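Enquirer: So here's model16.cif, just mmCIF, C-alpha atoms:
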data_run
loop_
_atom_site.group_PDB
_atom_site.id
_atom_site.type_symbol
_atom_site.label_atom_id
_atom_site.label_comp_id
_atom_site.auth_asym_id
_atom_site.auth_seq_id
_atom_site.Cartn_x
_atom_site.Cartn_y
_atom_site.Cartn_z
ATOM 1 C CA MET S 1390 67.783 -59.239 -150.716
ATOM 2 C CA THR S 1391 70.948 -57.616 -152.017
ATOM 3 C CA ALA S 1392 70.817 -53.845 -152.002
ATOM 4 C CA PRO S 1393 70.347 -52.169 -155.398
ATOM 5 C CA LEU S 1394 73.671 -50.859 -156.697
ATOM 6 C CA VAL S 1395 74.343 -47.430 -158.070
ATOM 7 C CA GLN S 1396 75.455 -48.149 -161.650
ATOM 8 C CA VAL S 1397 75.002 -46.823 -165.150
ATOM 9 C CA GLY S 1398 71.604 -48.103 -166.274
ATOM 10 C CA ARG S 1399 70.044 -48.204 -162.803
ATOM 11 C CA VAL S 1400 66.507 -46.863 -162.817
ATOM 12 C CA VAL S 1401 65.817 -44.382 -160.057
ATOM 13 C CA LEU S 1402 62.691 -42.758 -158.707
ATOM 14 C CA VAL S 1403 62.974 -39.047 -158.042
ATOM 15 C CA THR S 1404 61.529 -38.431 -154.572
ATOM 16 C CA TYR S 1405 62.042 -34.703 -154.050
ATOM 17 C CA GLY S 1406 61.951 -31.598 -156.156
ATOM 18 C CA PRO S 1407 59.998 -30.532 -159.238
ATOM 19 C CA ASP S 1408 60.316 -33.982 -160.847
ATOM 20 C CA ALA S 1409 59.161 -35.901 -157.778
ATOM 21 C CA GLY S 1410 57.430 -39.155 -158.592
ATOM 22 C CA LYS S 1411 59.113 -39.620 -161.987
ATOM 23 C CA LEU S 1412 61.473 -42.339 -163.119
ATOM 24 C CA ALA S 1413 64.900 -41.679 -164.587
ATOM 25 C CA THR S 1414 67.984 -43.653 -165.560
ATOM 26 C CA VAL S 1415 71.498 -43.221 -164.229
ATOM 27 C CA VAL S 1416 73.668 -42.181 -167.156
ATOM 28 C CA ASP S 1417 76.916 -41.331 -165.351
ATOM 29 C CA ILE S 1418 78.242 -41.232 -161.805
ATOM 30 C CA VAL S 1419 79.668 -37.914 -160.616
ATOM 31 C CA ASP S 1420 80.883 -38.867 -157.162
ATOM 32 C CA HIS S 1421 79.798 -40.648 -153.991
ATOM 33 C CA ASN S 1422 76.769 -38.413 -153.555
ATOM 34 C CA ARG S 1423 75.599 -37.494 -157.042
ATOM 35 C CA VAL S 1424 74.658 -39.069 -160.363
ATOM 36 C CA LEU S 1425 73.886 -37.717 -163.798
ATOM 37 C CA VAL S 1426 70.336 -38.764 -164.458
ATOM 38 C CA ASP S 1427 68.125 -38.635 -167.566
ATOM 39 C CA GLY S 1428 64.482 -39.490 -168.200
ATOM 40 C CA PRO S 1429 63.630 -38.660 -171.814
ATOM 41 C CA THR S 1430 60.410 -40.705 -171.759
ATOM 42 C CA THR S 1431 59.260 -39.548 -168.327
ATOM 43 C CA GLY S 1432 60.063 -35.847 -168.600
ATOM 44 C CA VAL S 1433 63.151 -35.657 -166.394
ATOM 45 C CA LYS S 1434 65.702 -33.353 -167.957
ATOM 46 C CA ARG S 1435 69.299 -34.516 -168.030
ATOM 47 C CA GLN S 1436 70.726 -33.252 -164.760
ATOM 48 C CA VAL S 1437 72.862 -34.082 -161.760
ATOM 49 C CA LEU S 1438 70.820 -35.252 -158.789
ATOM 50 C CA SER S 1439 71.993 -36.110 -155.319
ATOM 51 C CA PHE S 1440 71.102 -39.505 -153.824
ATOM 52 C CA LYS S 1441 69.200 -37.585 -151.181
ATOM 53 C CA ARG S 1442 66.630 -36.744 -153.840
ATOM 54 C CA LEU S 1443 66.479 -40.219 -155.314
ATOM 55 C CA SER S 1444 65.369 -43.698 -154.487
ATOM 56 C CA LEU S 1445 67.041 -46.615 -156.267
ATOM 57 C CA THR S 1446 64.685 -49.153 -157.819
ATOM 58 C CA LYS S 1447 65.349 -52.815 -158.433
ATOM 59 C CA ILE S 1448 65.291 -52.290 -162.197
ATOM 60 C CA VAL S 1449 68.540 -52.057 -164.132
ATOM 61 C CA LEU S 1450 68.388 -51.386 -167.857
ATOM 62 C CA GLU S 1451 70.823 -53.404 -169.920
ATOM 63 C CA ASN S 1452 73.368 -52.218 -172.466
ATOM 64 C CA ILE S 1453 73.381 -48.622 -171.334
ATOM 65 C CA PRO S 1454 76.831 -47.244 -172.123
ATOM 66 C CA ARG S 1455 78.110 -44.474 -169.905
ATOM 67 C CA THR S 1456 77.116 -40.959 -171.104
ATOM 68 C CA ILE S 1457 74.553 -42.299 -173.550
ATOM 69 C CA GLY S 1458 72.630 -39.546 -175.341
ATOM 70 C CA SER S 1459 69.002 -38.753 -174.577
ATOM 71 C CA GLY S 1460 67.680 -39.962 -177.913
ATOM 72 C CA ALA S 1461 69.470 -43.301 -177.776
ATOM 73 C CA LEU S 1462 68.400 -43.739 -174.155
ATOM 74 C CA ALA S 1463 64.764 -43.105 -175.066
ATOM 75 C CA LYS S 1464 64.966 -45.896 -177.656
ATOM 76 C CA LYS S 1465 66.497 -48.375 -175.178
ATOM 77 C CA VAL S 1466 63.943 -47.476 -172.531
ATOM 78 C CA ALA S 1467 61.122 -48.162 -174.983
ATOM 79 C CA ALA S 1468 62.770 -51.375 -176.257
ATOM 80 C CA GLN S 1469 63.254 -52.754 -172.731
ATOM 81 C CA ASP S 1470 59.728 -51.686 -171.725
ATOM 82 C CA LEU S 1471 60.675 -49.792 -168.592
ATOM 83 C CA GLU S 1472 57.106 -48.665 -167.978
ATOM 84 C CA GLY S 1473 55.797 -52.230 -168.057
ATOM 85 C CA LYS S 1474 58.540 -53.502 -165.749
ATOM 86 C CA TRP S 1475 57.941 -50.649 -163.340
ATOM 87 C CA ASN S 1476 54.172 -51.052 -163.221
ATOM 88 C CA ALA S 1477 54.661 -54.742 -162.462
ATOM 89 C CA THR S 1478 56.739 -54.052 -159.365
ATOM 90 C CA ALA S 1479 55.043 -54.165 -156.000
ATOM 91 C CA ARG S 1480 56.411 -50.751 -155.189
ATOM 92 C CA ALA S 1481 54.787 -49.046 -158.167
ATOM 93 C CA GLN S 1482 51.492 -50.717 -157.351
ATOM 94 C CA LYS S 1483 51.727 -49.554 -153.773
ATOM 95 C CA LEU S 1484 52.363 -45.977 -154.900
ATOM 96 C CA ALA S 1485 49.394 -46.183 -157.289
ATOM 97 C CA GLN S 1486 47.215 -47.578 -154.520
ATOM 98 C CA ARG S 1487 48.141 -44.619 -152.328
ATOM 99 C CA THR S 1488 46.992 -42.105 -154.951
ATOM 100 C CA THR S 1489 43.713 -43.944 -155.593
ATOM 101 C CA ARG S 1490 43.007 -44.189 -151.882
ATOM 102 C CA ALA S 1491 43.745 -40.495 -151.452
ATOM 103 C CA ASN S 1492 41.292 -39.586 -154.209
ATOM 104 C CA LEU S 1493 38.404 -41.782 -153.050
ATOM 105 C CA SER S 1494 34.969 -40.442 -152.351
ATOM 106 C CA ASP S 1495 33.322 -41.093 -148.996
ATOM 107 C CA PHE S 1496 31.498 -44.084 -150.470
ATOM 108 C CA GLY S 1497 34.814 -45.448 -151.756
ATOM 109 C CA ARG S 1498 36.361 -45.115 -148.311
ATOM 110 C CA PHE S 1499 33.351 -46.916 -146.825
ATOM 111 C CA LYS S 1500 33.834 -49.812 -149.242
ATOM 112 C CA VAL S 1501 37.540 -49.979 -148.322
ATOM 113 C CA TYR S 1502 36.624 -50.052 -144.647
ATOM 114 C CA LEU S 1503 34.230 -52.993 -145.162
ATOM 115 C CA LEU S 1504 36.735 -54.942 -147.233
ATOM 116 C CA ARG S 1505 39.482 -54.399 -144.680
ATOM 117 C CA LYS S 1506 37.218 -55.641 -141.914
ATOM 118 C CA LYS S 1507 36.528 -58.793 -143.937
ATOM 119 C CA ALA S 1508 40.237 -59.294 -144.681
ATOM 120 C CA SER S 1509 41.295 -58.884 -141.057
ATOM 121 C CA ALA S 1510 38.564 -61.322 -139.938
ATOM 122 C CA ILE S 1511 39.999 -63.999 -142.261
ATOM 123 C CA LYS S 1512 43.552 -63.226 -141.115
ATOM 124 C CA ASN S 1513 42.596 -63.500 -137.453
ATOM 125 C CA LYS S 1514 40.869 -66.834 -138.085
ATOM 126 C CA ILE S 1515 44.031 -68.234 -139.709
ATOM 127 C CA ALA S 1516 46.242 -66.769 -137.000
ATOM 128 C CA LYS S 1517 44.147 -68.410 -134.269
ATOM 129 C CA SER S 1518 44.329 -71.803 -135.942
ATOM 130 C CA VAL S 1519 48.168 -71.741 -136.157
ATOM 131 C CA LYS S 1520 49.821 -73.343 -133.124
ATOM 132 C CA VAL S 1521 52.527 -71.098 -131.666
ATOM 133 C CA MET J 746 72.992 -22.832 -159.821
ATOM 134 C CA SER J 747 76.684 -21.997 -159.695
ATOM 135 C CA ARG J 748 77.566 -18.941 -157.728
ATOM 136 C CA PHE J 749 80.260 -18.027 -160.216
ATOM 137 C CA ASN J 750 80.345 -17.095 -163.876
ATOM 138 C CA GLU J 751 83.431 -17.204 -166.029
ATOM 139 C CA TYR J 752 84.335 -13.960 -167.728
ATOM 140 C CA GLN J 753 86.940 -13.065 -170.320
ATOM 141 C CA VAL J 754 88.228 -9.633 -169.361
ATOM 142 C CA ILE J 755 90.517 -7.756 -171.726
ATOM 143 C CA GLY J 756 92.218 -4.590 -170.624
ATOM 144 C CA ARG J 757 95.155 -2.381 -171.489
ATOM 145 C CA LYS J 758 97.005 0.726 -170.415
ATOM 146 C CA GLN J 759 95.453 3.975 -171.451
ATOM 147 C CA VAL J 760 96.448 5.348 -174.846
ATOM 148 C CA THR J 761 99.156 8.021 -174.664
ATOM 149 C CA GLU J 762 101.191 9.922 -177.218
ATOM 150 C CA THR J 763 104.218 7.690 -176.641
ATOM 151 C CA ASP J 764 102.135 4.518 -176.649
ATOM 152 C CA PRO J 765 99.255 4.799 -179.105
ATOM 153 C CA ASN J 766 98.685 1.011 -179.219
ATOM 154 C CA PRO J 767 99.228 -0.556 -175.833
ATOM 155 C CA THR J 768 99.325 -4.372 -175.541
ATOM 156 C CA LEU J 769 96.078 -6.049 -174.670
ATOM 157 C CA TYR J 770 95.958 -8.335 -171.653
ATOM 158 C CA ARG J 771 93.349 -11.037 -171.386
ATOM 159 C CA MET J 772 92.291 -12.959 -168.312
ATOM 160 C CA ARG J 773 89.695 -15.587 -167.557
ATOM 161 C CA ILE J 774 88.136 -14.597 -164.269
ATOM 162 C CA PHE J 775 85.660 -16.521 -162.115
ATOM 163 C CA ALA J 776 83.358 -14.038 -160.409
ATOM 164 C CA PRO J 777 79.692 -13.745 -159.432
ATOM 165 C CA ASN J 778 79.133 -10.800 -161.756
ATOM 166 C CA GLN J 779 80.841 -8.461 -164.180
ATOM 167 C CA VAL J 780 81.592 -5.836 -161.564
ATOM 168 C CA VAL J 781 83.596 -8.241 -159.434
ATOM 169 C CA ALA J 782 85.192 -9.676 -162.576
ATOM 170 C CA LYS J 783 86.576 -6.307 -163.588
ATOM 171 C CA SER J 784 87.768 -5.661 -160.071
ATOM 172 C CA ARG J 785 89.580 -8.998 -159.889
ATOM 173 C CA PHE J 786 91.067 -8.348 -163.319
ATOM 174 C CA TRP J 787 92.767 -5.214 -162.030
ATOM 175 C CA TYR J 788 93.781 -6.988 -158.821
ATOM 176 C CA PHE J 789 95.649 -9.617 -160.820
ATOM 177 C CA LEU J 790 96.967 -7.401 -163.576
ATOM 178 C CA LYS J 791 98.506 -5.014 -161.037
ATOM 179 C CA GLN J 792 100.530 -7.965 -159.738
ATOM 180 C CA PHE J 793 101.858 -8.852 -163.204
ATOM 181 C CA ARG J 794 102.248 -5.569 -165.021
ATOM 182 C CA LYS J 795 102.810 -1.921 -164.257
ATOM 183 C CA VAL J 796 99.170 -0.900 -164.743
ATOM 184 C CA LYS J 797 96.294 -0.136 -162.456
ATOM 185 C CA LYS J 798 92.638 0.776 -162.823
ATOM 186 C CA ALA J 799 93.419 4.492 -162.818
ATOM 187 C CA THR J 800 95.997 4.199 -165.598
ATOM 188 C CA GLY J 801 94.244 1.549 -167.647
ATOM 189 C CA GLU J 802 90.971 0.739 -169.310
ATOM 190 C CA ILE J 803 88.839 -2.367 -169.728
ATOM 191 C CA VAL J 804 88.386 -3.132 -173.412
ATOM 192 C CA SER J 805 85.784 -5.869 -173.103
ATOM 193 C CA VAL J 806 84.091 -8.216 -170.687
ATOM 194 C CA ASN J 807 82.420 -11.316 -172.109
ATOM 195 C CA GLN J 808 80.864 -14.232 -170.343
ATOM 196 C CA ILE J 809 82.307 -17.622 -171.263
ATOM 197 C CA HIS J 810 79.781 -20.449 -171.266
ATOM 198 C CA GLU J 811 80.518 -24.117 -170.739
ATOM 199 C CA LYS J 812 80.758 -26.052 -173.996
ATOM 200 C CA LYS J 813 79.214 -29.271 -172.689
ATOM 201 C CA PRO J 814 77.301 -28.526 -169.482
ATOM 202 C CA THR J 815 75.653 -31.965 -169.314
ATOM 203 C CA GLN J 816 78.871 -33.970 -169.442
ATOM 204 C CA VAL J 817 80.609 -34.913 -166.204
ATOM 205 C CA LYS J 818 84.265 -33.917 -166.271
ATOM 206 C CA THR J 819 87.273 -34.112 -163.997
ATOM 207 C CA PHE J 820 88.788 -30.691 -163.390
ATOM 208 C CA GLY J 821 92.263 -30.043 -162.048
ATOM 209 C CA ILE J 822 92.574 -26.699 -160.310
ATOM 210 C CA TRP J 823 95.927 -25.105 -159.589
ATOM 211 C CA LEU J 824 95.653 -22.461 -156.935
ATOM 212 C CA ARG J 825 97.596 -20.293 -154.556
ATOM 213 C CA TYR J 826 96.260 -19.403 -151.142
ATOM 214 C CA ASP J 827 97.281 -17.496 -148.043
ATOM 215 C CA SER J 828 97.191 -19.446 -144.832
ATOM 216 C CA ARG J 829 97.677 -17.880 -141.417
ATOM 217 C CA SER J 830 101.429 -18.329 -141.577
ATOM 218 C CA GLY J 831 102.373 -18.223 -145.246
ATOM 219 C CA THR J 832 101.258 -18.637 -148.815
ATOM 220 C CA HIS J 833 101.148 -22.005 -150.548
ATOM 221 C CA ASN J 834 100.483 -23.578 -153.919
ATOM 222 C CA MET J 835 97.964 -26.352 -154.303
ATOM 223 C CA TYR J 836 96.574 -28.687 -156.871
ATOM 224 C CA LYS J 837 93.079 -30.105 -156.339
ATOM 225 C CA GLU J 838 90.767 -32.185 -158.450
ATOM 226 C CA TYR J 839 86.980 -32.079 -158.699
ATOM 227 C CA ARG J 840 84.323 -34.036 -160.566
ATOM 228 C CA GLU J 841 81.801 -31.513 -161.890
ATOM 229 C CA LEU J 842 79.823 -30.583 -164.969
ATOM 230 C CA THR J 843 81.184 -27.112 -165.638
ATOM 231 C CA ARG J 844 84.315 -25.097 -164.916
ATOM 232 C CA THR J 845 82.362 -22.629 -162.797
ATOM 233 C CA GLU J 846 80.894 -25.418 -160.662
ATOM 234 C CA ALA J 847 84.375 -26.856 -160.162
ATOM 235 C CA VAL J 848 85.722 -23.468 -159.073
ATOM 236 C CA PHE J 849 82.753 -23.012 -156.732
ATOM 237 C CA ALA J 850 83.426 -26.442 -155.238
ATOM 238 C CA CYS J 851 87.089 -25.463 -154.864
ATOM 239 C CA TYR J 852 86.318 -22.262 -152.965
ATOM 240 C CA GLN J 853 83.915 -24.126 -150.689
ATOM 241 C CA ASP J 854 86.492 -26.856 -150.162
ATOM 242 C CA MET J 855 89.264 -24.363 -149.348
ATOM 243 C CA ALA J 856 86.992 -22.603 -146.880
ATOM 244 C CA ALA J 857 86.066 -25.864 -145.211
ATOM 245 C CA ARG J 858 89.473 -27.517 -145.091
ATOM 246 C CA HIS J 859 91.780 -24.528 -144.706
ATOM 247 C CA ARG J 860 89.505 -21.713 -143.537
ATOM 248 C CA ALA J 861 90.646 -19.777 -146.605
ATOM 249 C CA ARG J 862 88.270 -17.020 -147.691
ATOM 250 C CA PHE J 863 87.639 -15.883 -151.243
ATOM 251 C CA ARG J 864 90.095 -13.040 -150.808
ATOM 252 C CA SER J 865 92.919 -15.392 -149.867
ATOM 253 C CA VAL J 866 92.531 -17.791 -152.787
ATOM 254 C CA GLN J 867 93.889 -17.164 -156.283
ATOM 255 C CA ILE J 868 92.832 -19.586 -158.984
ATOM 256 C CA ILE J 869 95.824 -19.989 -161.257
ATOM 257 C CA ARG J 870 94.538 -22.535 -163.721
ATOM 258 C CA VAL J 871 91.474 -24.694 -164.291
ATOM 259 C CA ALA J 872 91.847 -27.512 -166.799
ATOM 260 C CA GLU J 873 89.980 -30.638 -167.716
ATOM 261 C CA VAL J 874 92.054 -33.664 -166.790
ATOM 262 C CA ALA J 875 92.058 -36.913 -168.766
ATOM 263 C CA THR J 876 91.409 -40.083 -166.798
ATOM 264 C CA LYS J 877 94.988 -41.319 -167.156
ATOM 265 C CA ASP J 878 96.403 -38.034 -165.800
ATOM 266 C CA VAL J 879 94.326 -37.928 -162.626
ATOM 267 C CA ARG J 880 96.577 -37.526 -159.613
ATOM 268 C CA ARG J 881 94.234 -37.933 -156.692
ATOM 269 C CA PRO J 882 92.997 -41.360 -155.494
ATOM 270 C CA TYR J 883 89.655 -39.954 -154.308
ATOM 271 C CA ILE J 884 88.908 -39.045 -157.938
ATOM 272 C CA SER J 885 90.519 -41.998 -159.712
ATOM 273 C CA GLN J 886 88.414 -44.411 -157.650
ATOM 274 C CA LEU J 887 85.334 -42.918 -159.325
ATOM 275 C CA LEU J 888 86.794 -43.374 -162.793
ATOM 276 C CA THR J 889 87.070 -47.159 -162.783
ATOM 277 C CA LYS J 890 85.302 -48.957 -165.589
ATOM 278 C CA GLY J 891 81.899 -50.381 -164.746
ATOM 279 C CA LEU J 892 81.782 -48.597 -161.402
ATOM 280 C CA LYS J 893 79.013 -49.742 -159.120
ATOM 281 C CA PHE J 894 78.460 -49.438 -155.405
ATOM 282 C CA PRO J 895 75.619 -49.852 -152.941
ATOM 283 C CA LEU J 896 74.304 -47.048 -150.795
ATOM 284 C CA ALA J 897 75.195 -48.320 -147.367
ATOM 285 C CA HIS J 898 73.279 -47.198 -144.277
ATOM 286 C CA ARG J 899 70.871 -44.798 -145.924
ATOM 287 C CA VAL J 900 69.391 -42.317 -143.535
ATOM 288 C CA TYR J 901 66.193 -41.233 -145.196
ATOM 289 C CA ARG J 902 64.801 -37.724 -145.059
ATOM 290 C CA HIS J 903 61.066 -37.174 -145.383
ATOM 291 C CA ALA J 904 59.885 -35.648 -148.635
ATOM 292 C CA THR J 905 57.962 -32.956 -146.792
ATOM 293 C CA LYS J 906 58.144 -31.600 -143.270
ATOM 294 C CA ARG J 907 54.618 -32.742 -142.593
ATOM 295 C CA HIS J 908 55.696 -36.387 -142.812
ATOM 296 C CA SER J 909 58.513 -36.055 -140.299
ATOM 297 C CA SER J 910 57.830 -37.102 -136.732
ATOM 298 C CA LEU J 911 59.802 -36.888 -133.512
ATOM 299 C CA PHE J 912 58.907 -40.413 -132.358
ATOM 300 C CA ILE J 913 58.329 -43.523 -134.467
ATOM 301 C CA ALA J 914 57.054 -46.949 -133.519
ATOM 302 C CA LYS J 915 59.728 -49.040 -135.275
ATOM 303 C CA ARG J 916 63.438 -48.578 -135.906
ATOM 304 C CA PRO J 917 63.936 -47.192 -139.410
ATOM 305 C CA ALA J 918 65.248 -49.437 -142.172
ATOM 306 C CA THR J 919 68.552 -48.184 -143.570
ATOM 307 C CA HIS J 920 68.863 -50.397 -146.653
ATOM 308 C CA ALA J 921 68.785 -48.505 -149.930
#
Mind turning the file's structure into structure tokens?

Expert:
Amino acid sequence: MTAPLVQVGRVVLVTYGPDAGKLATVVDIVDHNRVLVDGPTTGVKRQVLSFKRLSLTKIVLENIPRTIGSGALAKKVAAQDLEGKWNATARAQKLAQRTTRANLSDFGRFKVYLLRKKASAIKNKIAKSVKV
Amino acid sequence: MSRFNEYQVIGRKQVTETDPNPTLYRMRIFAPNQVVAKSRFWYFLKQFRKVKKATGEIVSVNQIHEKKPTQVKTFGIWLRYDSRSGTHNMYKEYRELTRTEAVFACYQDMAARHRARFRSVQIIRVAEVATKDVRRPYISQLLTKGLKFPLAHRVYRHATKRHSSLFIAKRPATHA
């Protein structure tokens, strides 16, 4: 697993601040701590964000020239189907699962509890059968 | 977000019978507000010309806004500062979006590296520098084509205080 690189075209997830939870694309690198980021399709205004407020994703958009304009970036994002790629990643699904779990009713939580018991029973059975 | 604004301050000597049309002097001042801008204008002008606040008048103060505030630029700043044992000239470079942010970074940098306060620093010139004219290696290394780098040994900070804990069960992962 090579670490994701900071580069023009890298898709980042904003983790802190008013745009937390939104995706954006790196459009230019300011210095070792900050990048110019833009998310025309996700509602992130073009701004400089520090890496402390970001999380790099595994997605890199292709053919993003440095300092690309917002309009052109929006077209490339739509053409390369960023939303589809993101929703397919395990990470996005995990984040979505967290929000659904947080918004469950008591009955929903009960169903989750039963299913988890079933799943752990199967896992324990397999674990017992494997010779150490 | 920048603590400074850039002002264009124009002033001149007061009108007298012998001098009905005194020459106008214009300065670009970085200051947090107009009051400080006018004060700094007189501070500098007194050093260059035989005029002071009592014998002169401010003609106009206008705020200068950045032309392209969403474009990252390399700024070269020429400055003069008083250290504990003398006064020196310096040239520093910063990667910022606006002139005011570059000047703010410069003041912070001078305070950190040389313990120079605002009063001891005089900004002589702020200019955008083209990539081929960059003099400092810590800036030119960021201007290479196709720059990419990993974030090594990331120490994560929790999004909210409520998620932070004093003890954790496993060692944290520091990959990006």

Enquirer: I need the residue nearest chain J from this list: S:Lys1464, S:Lys1411, S:Arg1442, S:Lys1483. Use only C-alpha atoms for the distance.

Expert: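 Looking only at the distances to chain J, the closest residue turns out to be S:Arg1442.
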
Enquirer: Smallest atom-to-atom distance to Glu841 of chain J: which of J:Ser784, J:Gln792, J:Gln816, J:Ser909, using only C-alpha atoms?

Expert: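 Ranked by minimum distance to Glu841 of chain J, first place goes to J:Gln816.
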
Enquirer: Which is closer to Val1437 of chain S than all the others in J:Val817, J:Ile822, J:Ala850, J:Ala914, using all atoms listed in the file?

Expert: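 Of J:Val817, J:Ile822, J:Ala850, J:Ala914, the one nearest Val1437 of chain S, counting all atoms listed in the file, is J:Val817.
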
Enquirer: Give as a PyMOL selection string the residues that the PyMOL selection byres ((chain S) within 6 of (chain J)) matches when applied to the coordinates above.

Expert: chain S and resi 1394-1396+1405

Enquirer: Considering only C-alpha atoms, return as a PyMOL selection string whatever protein or nucleic-acid residues lie within 9 Å of Ala782 of chain J, sequence-local ones (same chain, fewer than 6 positions apart) excluded.

Expert: chain J and resi 750-754+773-776+806

Enquirer: Which neighbours of Arg862 of chain J fall inside 10 Å, counting all atoms listed in the file, when residues of the same chain fewer than 5 positions from it are skipped, and could you give them as a ChimeraX atom specification?

Expert: /J:826-828,852-853,855-857

Enquirer: Taking 5 positions as the minimum chain separation for residues in the same chain, which residues sit within 8 Å of Met835 of chain J when counting only C-alpha atoms? Answer as an mmCIF file with C-alpha atoms, keeping the file's coordinate frame.

Expert:
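Result file follows (out-v7.cif):
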data_model
loop_
_atom_site.group_PDB
_atom_site.id
_atom_site.type_symbol
_atom_site.label_atom_id
_atom_site.label_comp_id
_atom_site.auth_asym_id
_atom_site.auth_seq_id
_atom_site.Cartn_x
_atom_site.Cartn_y
_atom_site.Cartn_z
ATOM 1 C CA TRP J 823 95.927 -25.105 -159.589
ATOM 2 C CA LEU J 824 95.653 -22.461 -156.935
ATOM 3 C CA ARG J 825 97.596 -20.293 -154.556
ATOM 4 C CA TYR J 826 96.260 -19.403 -151.142
#

Enquirer: Within 12 Å of (56.3, -39.6, -157.0), in the coordinates the file gives, what residues turn up when you count only C-alpha atoms, written out as JSON, numbers by chain?

Expert: {"S": [1401, 1402, 1403, 1404, 1405, 1406, 1407, 1408, 1409, 1410, 1411, 1412, 1413, 1431, 1442, 1443, 1444, 1480, 1481, 1483, 1484, 1485, 1487, 1488], "J": [904]}

Enquirer: Could you tell me how far atom CA of Arg829 of chain J sits from atom CA of Lys798 of chain J, in Å to one decimal place?

Expert: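 If I compute the distance from atom CA of Lys798 of chain J to atom CA of Arg829 of chain J, I get 28.8 Å.
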
Enquirer: Suppose a student applies the PyMOL selection byres ((chain S and resi 1425) around 10) to this structure; what residues should they get, written as a list in words?

Expert: Val1397, Ala1413, Thr1414, Val1415, Val1416, Asp1417, Ile1418, Val1419, Asp1420, Arg1423, Val1424, Val1426, Asp1427, Arg1435, Gln1436, Val1437, Leu1438, Ser1439 and Thr1456 of chain S; Thr815, Gln816, Val817 and Leu842 of chain J

Enquirer: Mind telling me what the PyMOL selection byres ((chain J and resi 875) around 10) catches here, as an MDAnalysis selection string?

Expert: chainID J and resid 818:821 872:874 876:879

Enquirer: Grab the atom CA of Phe789 of chain J to atom CA of Leu769 of chain J distance for me, in Å with one decimal place.

Expert: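 Atom-to-atom, atom CA of Phe789 of chain J and atom CA of Leu769 of chain J are spaced 14.3 Å apart.
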
Enquirer: List the spatial neighbours of segment 1449-1454 of chain S as a list in words - criterion: any atom at most 8 Å away, all atoms listed in the file, same-chain residues fewer than 5 positions off excluded.

Expert: Val1397, Gly1398, Arg1399, Val1400, Val1416, Leu1462, Lys1465, Val1466, Gln1469 and Leu1471 of chain S

Enquirer: Write a file of the selected residues as a PDB file, keeping the file's coordinate frame, keeping C-alpha atoms.

Expert:
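Generated file (part_34.pdb):
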ATOM      1  CA  VAL S1397      75.002 -46.823-165.150  1.00  0.00           C
ATOM      2  CA  GLY S1398      71.604 -48.103-166.274  1.00  0.00           C
ATOM      3  CA  ARG S1399      70.044 -48.204-162.803  1.00  0.00           C
ATOM      4  CA  VAL S1400      66.507 -46.863-162.817  1.00  0.00           C
ATOM      5  CA  VAL S1416      73.668 -42.181-167.156  1.00  0.00           C
ATOM      6  CA  LEU S1462      68.400 -43.739-174.155  1.00  0.00           C
ATOM      7  CA  LYS S1465      66.497 -48.375-175.178  1.00  0.00           C
ATOM      8  CA  VAL S1466      63.943 -47.476-172.531  1.00  0.00           C
ATOM      9  CA  GLN S1469      63.254 -52.754-172.731  1.00  0.00           C
ATOM     10  CA  LEU S1471      60.675 -49.792-168.592  1.00  0.00           C
TER      11      LEU S1471
END

Enquirer: What is the distance between atom CA of Glu811 of chain J and atom CA of Gly1458 of chain S, in Å to one decimal?

Expert: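 The value is 17.9 Å.
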
Enquirer: Starting from the incomplete input, reconstruct N, CA and C atoms of segment 1461-1470 of chain S and write that as an mmCIF file, keeping the file's coordinate frame.

Expert:
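Resulting contents of rebuild01.cif:
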data_model
loop_
_atom_site.group_PDB
_atom_site.id
_atom_site.type_symbol
_atom_site.label_atom_id
_atom_site.label_comp_id
_atom_site.auth_asym_id
_atom_site.auth_seq_id
_atom_site.Cartn_x
_atom_site.Cartn_y
_atom_site.Cartn_z
ATOM 1 N N ALA S 1461 69.163 -41.864 -177.809
ATOM 2 C CA ALA S 1461 69.470 -43.301 -177.776
ATOM 3 C C ALA S 1461 68.897 -43.942 -176.520
ATOM 4 N N LEU S 1462 68.942 -43.204 -175.404
ATOM 5 C CA LEU S 1462 68.400 -43.739 -174.155
ATOM 6 C C LEU S 1462 66.892 -43.945 -174.269
ATOM 7 N N ALA S 1463 66.213 -42.977 -174.903
ATOM 8 C CA ALA S 1463 64.764 -43.105 -175.066
ATOM 9 C C ALA S 1463 64.420 -44.375 -175.836
ATOM 10 N N LYS S 1464 65.234 -44.680 -176.858
ATOM 11 C CA LYS S 1464 64.966 -45.896 -177.656
ATOM 12 C C LYS S 1464 65.144 -47.141 -176.789
ATOM 13 N N LYS S 1465 66.226 -47.178 -175.991
ATOM 14 C CA LYS S 1465 66.497 -48.375 -175.178
ATOM 15 C C LYS S 1465 65.433 -48.545 -174.114
ATOM 16 N N VAL S 1466 64.985 -47.409 -173.557
ATOM 17 C CA VAL S 1466 63.943 -47.476 -172.531
ATOM 18 C C VAL S 1466 62.674 -48.069 -173.120
ATOM 19 N N ALA S 1467 62.325 -47.637 -174.337
ATOM 20 C CA ALA S 1467 61.122 -48.162 -174.983
ATOM 21 C C ALA S 1467 61.314 -49.638 -175.344
ATOM 22 N N ALA S 1468 62.515 -49.998 -175.834
ATOM 23 C CA ALA S 1468 62.770 -51.375 -176.257
ATOM 24 C C ALA S 1468 62.726 -52.336 -175.063
ATOM 25 N N GLN S 1469 63.230 -51.874 -173.896
ATOM 26 C CA GLN S 1469 63.254 -52.754 -172.731
ATOM 27 C C GLN S 1469 62.005 -52.603 -171.874
ATOM 28 N N ASP S 1470 61.040 -51.814 -172.367
ATOM 29 C CA ASP S 1470 59.728 -51.686 -171.725
ATOM 30 C C ASP S 1470 59.852 -51.334 -170.248
#
